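Everything below concerns the one structure shown next.
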Amino acid sequence: MKKTLLFAAASLLLATPVLADSQPADTQDGGVTLTMKGITVNLGGFIEAASIYRTRNLNSDMPSPFQKLPLANSAGYYQDETRFSARQSRLNILVKGDYDPTIHLAGYYEMDFLGAANTANSNESNSYNPRVRHLYTTADWDRLGLHLLAGQTWSLVTMNNKGITPRNEVTPLTIDAQYVTGFTWARQPQFRVTKDWNKSLWLAVSVESPQTVSSGSPTTVTVPAAGSNVSVGQGGSGAFAGSAATYSNNTYPDFVAKVAYEPGWGHFEAYDLIRVFKNSVVGGGGVNNNETVTNAVGGGIILPLIPNQVSLQVSGIYGKGIGRYGSGQLADVTIDHGNNINPLTEGQLLAGVTYDPTSEWNFYGYYGIEEAQRKDLAVGTTAYGYGSADLNTNVGNTASSKFNGQIQRVDQVTAGTWWKFFQGRFGKMQAGLQYSYTEDKYFSAAAGAPKATDNLVFASLRYYWQ
């Protein structure tokens, strides 16, 4: 009888999840760790109460649409904006298991509450409801130095700070959920294979979910007589049905190849982004199909100027069709008189400095810029393309439906701080303050080159259970 009771008690204990410690444990992944039958489950996240103040009314929550700052012909130009939000609060689950001592399997899920309902799209963050930030699985073979990732996470174009490994991406420390202009990134479904040599040299390739962001035609131009382009600006159906966003047809995924090197001081990386844009124009008694392949090169460096205290980072990308990968969200392509797709040439650059004088305080500053080149495809005095000199850039102090200028550059200066005033095995509570100055500069035309500016102030109080 005693043996039976002991066996039952032991079975119950093995079958029941238990804390890895008698209290919530701090781990390298953060959060509270549970273990069961060789599986480790890590629960993390934070609760945030944030405030937002903007000198122009963007009618936005935590993410700021940097490319939509109001001009003087908009009522929003004369209104400032104050909002409170808890929607950036975050939950994450990391599940890990070892097939053997050298083969590791894992799955990661992270969500917040910033889904955009029926305006959600596939442009950059795939922000559908419920809002999935990350949802992917990984497999690592230590002996081979081989790593597989499949699911939704940061694009391979996003800079890392430790080789090319998930959950080690370098994201700006901002409270603003759109981060900083010049930050090159996306969170989207992908398949990625990575190879490392002694954890110092890394090579990765990925195929990622595509989407084309088009500038469309200026508001004074009707659909060209050549027909309609059925590759961009299409309404959704199926699981996209009911969305107010538009979608594109893409025959091929986006391709990224990346190399990272860590010689013992600093982190260095470079990558190549290849995209294919599909063009189908219906009209004139037939269908005209074309595909355009574009290429962009990028990279980044992280230098620990004073180890564990001062760090410098610089990252950027230059090429065609890259607008959707920038926080400023400029267009990838524009449309000519025949309704054909024409990729835009653009550059993105972000420079930042972080300073950690103590374990309680962190200070950061960034400067970022995204700039597109003019592609004037006007026919006579009719404006086509992007940034045409025939556009009306006259901005008065009253609303005008005639204004149709297009943005040449978005740049931003950002500074902020985090104060971690409670830290320990109970988690972490921190307060943050951020200021940003953002400017949208439009292409010049007969009426000049207008600018839109905004001052943004964010404050945050967060409790991390990790």
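Chain labels A, B, ... are given in the sequence in which chains occur in the structure tokens; within each chain residues are numbered consecutively from 1, and ligands are likewise numbered from 1 in the order shown.
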
Contact check, range 177-287 of chain A to range 410-417 of chain A, at most 9 Å, counting only C-alpha atoms, closest pairs as JSON lines:
{"residue": "A:Val180", "atom": "CA", "partner": "A:Gln412", "partner_atom": "CA", "distance": 7.1}
{"residue": "A:Thr181", "atom": "CA", "partner": "A:Gln412", "partner_atom": "CA", "distance": 5.9}
{"residue": "A:Gly182", "atom": "CA", "partner": "A:Asp411", "partner_atom": "CA", "distance": 7.5}

>> as number ranges by chain, please: every residue in range 126-167 of chain A that DSSP puts in strand (DSSP E or B).
In response: A: 132-141, 146-154, 160

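Distance annotation: of A:Glu124, A:Leu146, A:His337, A:Glu360, the residue with the minimal separation from Gly380 in chain A is A:His337; atom set is only C-alpha atoms.
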
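The smallest atom-to-atom distance between Asp176 in chain A and any of A:Pro189, A:Gly31, A:Gly323, A:Pro65, using only C-alpha atoms, is found for A:Pro65.
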
> Within 8 Å of range 268-281 of chain A, counting only C-alpha atoms, which residues qualify if same-chain residues fewer than 2 places away don't, as a PyMOL selection string?
Replying inline: chain A and resi 157+159+212+226-231+249-262+266+283+287-302+321+339-341

> Which of these, A:Gln313, A:Asn198, A:Gln190, A:Gln88, has the shortest distance to Asn161 in chain A once you count only C-alpha atoms?
Replying inline: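 Looking only at the distances to Asn161 in chain A, the closest residue turns out to be A:Gln313.
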
>> Need to verify the contact set: Ala389 in chain A, 12 Å, only C-alpha atoms, exclusion of same-chain residues closer than 4 positions in sequence. Can you return it as a ChimeraX atom specification?
In response: /A:218,374-385,393,404-406,442-449

> Expressed in Å to a single decimal, how great is the separation between CA of Glu346 in chain A and CA of Phe66 in chain A?
Replying inline: 16.3 Å

>> If we count only C-alpha atoms and set the cut-off at 7 Å, which residues sit around Phe113 in chain A, ignoring sequence neighbours fewer than 3 positions away in its own chain? Please answer as a list of chain:residue names.
In response: A:Arg87, A:Gln88, A:Ser89, A:Arg131

Would you mind exporting all heavy atoms of the selected residues as a compact mmCIF listing (two decimals), in the first residue's frame?
# COMPACT_ATOMS: atom_id res chain seq x y z
N ARG A 87 -2.06 50.09 -24.59
CA ARG A 87 -2.13 49.07 -25.63
C ARG A 87 -0.77 48.48 -26.02
O ARG A 87 -0.72 47.46 -26.70
CB ARG A 87 -2.81 49.64 -26.87
CG ARG A 87 -4.27 50.00 -26.65
CD ARG A 87 -4.86 50.64 -27.88
NE ARG A 87 -4.87 49.71 -29.01
CZ ARG A 87 -5.06 50.10 -30.27
NH1 ARG A 87 -5.23 51.39 -30.55
NH2 ARG A 87 -5.07 49.21 -31.25
N GLN A 88 0.33 49.11 -25.60
CA GLN A 88 1.63 48.55 -25.93
C GLN A 88 2.06 47.47 -24.92
O GLN A 88 3.10 46.84 -25.08
CB GLN A 88 2.69 49.65 -26.00
CG GLN A 88 3.99 49.20 -26.62
CD GLN A 88 4.93 50.34 -26.98
OE1 GLN A 88 5.67 50.25 -27.96
NE2 GLN A 88 4.93 51.41 -26.21
N SER A 89 1.27 47.25 -23.89
CA SER A 89 1.56 46.17 -22.93
C SER A 89 1.73 44.86 -23.68
O SER A 89 1.05 44.61 -24.68
CB SER A 89 0.41 46.05 -21.93
OG SER A 89 0.24 47.27 -21.22
N ARG A 131 -3.21 40.94 -32.26
CA ARG A 131 -1.92 41.46 -32.73
C ARG A 131 -0.78 40.49 -32.43
O ARG A 131 -0.39 40.31 -31.28
CB ARG A 131 -1.69 42.80 -32.08
CG ARG A 131 -0.25 43.25 -32.04
CD ARG A 131 0.15 44.20 -33.12
NE ARG A 131 1.37 44.88 -32.70
CZ ARG A 131 1.94 45.87 -33.31
NH1 ARG A 131 1.41 46.35 -34.41
NH2 ARG A 131 3.03 46.43 -32.85

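In this structure, CA of Val395 in chain A sits 18.9 Å away from CA of Thr438 in chain A.
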
> Nearest to Thr184 in chain A among A:Ile322, A:Leu105, A:Leu456, A:Val213, with distances taken over only C-alpha atoms: which residue is it?
Replying inline: A:Ile322

>> Neighbouring residues of Arg83 in chain A were defined as those with any atom within 10 Å, considering only C-alpha atoms; residues of the same chain fewer than 3 positions away were excluded. Please report them as a VMD selection string.
In response: chain A and resid 50 to 54 59 to 62 458

> Pick from A:Leu303, A:Val41, A:Ala351, A:Ile175: nearest to Tyr435 in chain A, with only C-alpha atoms counted?
Replying inline: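 Ranked by minimum distance to Tyr435 in chain A, first place goes to A:Ile175.
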
>> From the options A:Gly163, A:Gly368, A:Gly97, A:Pro343, which residue's atoms come nearest to Thr194 in chain A, counting only C-alpha atoms?
In response: A:Gly163
